[in-house]
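Undergrad: The structure is given below, and queries will be raised subsequently.
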Amino acid sequence: GKGADEAEGEGEGEGAATATAASKPTLAVPTSAAAEEEKRGLLRRLFGGTLTTEIAPKDEELKPSVRHEDFLVLSLQVKGKASVQASLAAIVEGEMLEGDNAYFSEEAGCKVDAQKRTFVGVLPQTLVLALKRFEFDYDTMQKVKVNDLCEFPMKLNMAPYTRQASPEDGDSQEMPADGSSDYALCGVVLHSGTA
């Protein structure tokens with residue numbers, strides 16, 4: 001708990017710093033550009049994660065292509081997915097790029113067969129999932145709400161959707177044992193109304 005001196009010190013300074021009767025903090029007021037950058041940094045630290053897409057040619061002598069994409073919100077397909085876990089599994093499932101859909105390797109100078117997969121490269125401190133409940137119907141040229149059932153758990157372990165869980169990895173890294181991939185549900189936002 002807070003001591004009497006700490007409670008008195010609150011509100012006297014310009015920020016949320018704790019002060020005692022003997023010392024008062026002085027805080028520099030950041031410029032507006034610096035304040036905006038600080039806010040973006042805070043959002044990245046709290047909600048920022050990274051999705052990694054890797055395209056690995058079948059010919060192991062060719063280097064894989066790796067692309068990292070930062071996210072604050074992880075968007076999940078709902079249509080045809082019975083649960084959040086099924087939607088996450090669809091993201092990391094991977095696909096073979098072959099035939100007309102083969103990957104063009106700059107290193108080889110031609111199209112090559114390759115395995116494409118996406119996984120969560122960096123897990124955020126706070127994970128925000130957005131269920132894609134709307135899609136565009138090209139026949140009617142309107143947004144349509146997807147009413148498919150999609151269950152979500154009270155606790156979610158994200159380890160199966162990271163690189164460590166990938167069966168293609170030759171170095172078979174261990175899952176984090178510190179619980180850093182475990183999340184507990186703390187809020188749900190429901191949309192009401194029409195598309």
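Letters A, B, ... mark the chains of the structure tokens in the order given; residue numbers begin at 1 per chain; ligand numbers begin at 1, in order shown.
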Would you list the contacts of region 150-167 of chain A as JSON, numbers by chain, taking every protein, DNA or RNA residue within 7 Å and counting only C-alpha atoms, but skipping same-chain residues closer than 3 positions in sequence?

TA: {"A": [78, 81, 82, 83, 84, 88, 89, 92, 119, 120, 121, 172, 173, 174, 175, 181, 182, 183, 184, 185]}

Undergrad: Counting only C-alpha atoms, what is within 10 Å of Asn101 (chain A), bar same-chain residues fewer than 2 positions away, as a list in words?

TA: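 Here the answer would be Met96, Leu97, Glu98, Gly99, Tyr103, Phe104, Lys111, Val112, Asp113 and Ala114 of chain A.
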
Undergrad: Please identify every residue of region 67-105 of chain A that has at least one atom no farther than 12 Å from an atom of region 34-50 of chain A, counting only C-alpha atoms, and for each give the shortest atom pair and the distance in Å to one decimal, arranged by chain then increasing number, as CSV.

TA:
```
residue,atom,partner,partner_atom,distance
A:Arg67,CA,A:Thr50,CA,9.9
A:His68,CA,A:Thr50,CA,6.3
A:Glu69,CA,A:Thr50,CA,5.5
A:Asp70,CA,A:Thr50,CA,4.4
A:Phe71,CA,A:Gly49,CA,5.3
A:Leu72,CA,A:Gly48,CA,4.7
A:Val73,CA,A:Phe47,CA,7.4
A:Leu74,CA,A:Gly49,CA,8.6
```

Undergrad: Suppose you want the space between CA of Ala86 (chain A) and CA of Leu190 (chain A); what is it in Å?

TA: 20.3 Å

Undergrad: Rounded to one decimal in Å, what is the spacing between CA of Ile91 (chain A) and CA of Asp59 (chain A)?

TA: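 So the two atoms, CA of Ile91 (chain A) and CA of Asp59 (chain A), lie 24.0 Å apart.
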
Undergrad: Running DSSP on the backbone, which parts of region 17-100 of chain A land in alpha helix (DSSP H), as a VMD selection string?

TA: chain A and resid 32 to 47 84 to 92

Undergrad: Please run DSSP on the backbone and report, as an MDAnalysis selection string, all residues within region 11-169 of chain A that come out as strand (DSSP E).

TA: chainID A and resid 49:57 65:71 74:77 95:97 103:105 110:112 114:122 129:132 134:137 142:145 155:157

Undergrad: Choose the residue, out of A:Pro124, A:Cys186, A:Ser105, A:Leu129, that has the smallest atom-to-atom separation from Glu61 (chain A); count only C-alpha atoms.

TA: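 Ranking A:Pro124, A:Cys186, A:Ser105, A:Leu129 by distance to Glu61 (chain A), first place goes to A:Ser105.
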
Undergrad: Report the distance between CA of Thr53 (chain A) and CA of Gln115 (chain A) in Å, rounded to one decimal place.

TA: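 One can read the CA of Thr53 (chain A) to CA of Gln115 (chain A) distance as 10.5 Å.
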
Undergrad: When you look at Gln77 (chain A) with a cut-off of 9 Å (counting only C-alpha atoms), what residues show up, excluding the ones that are within fewer than 3 positions of it in the same chain? I need them as an MDAnalysis selection string.

TA: chainID A and resid 80:81 84 87:88 90 130:133

Undergrad: Using only C-alpha atoms, which residue out of A:Pro64, A:Ser180, A:Leu51, A:Ala56 lies closest to Thr126 (chain A)?

TA: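 Closest residue, counting only C-alpha atoms: A:Ser180.
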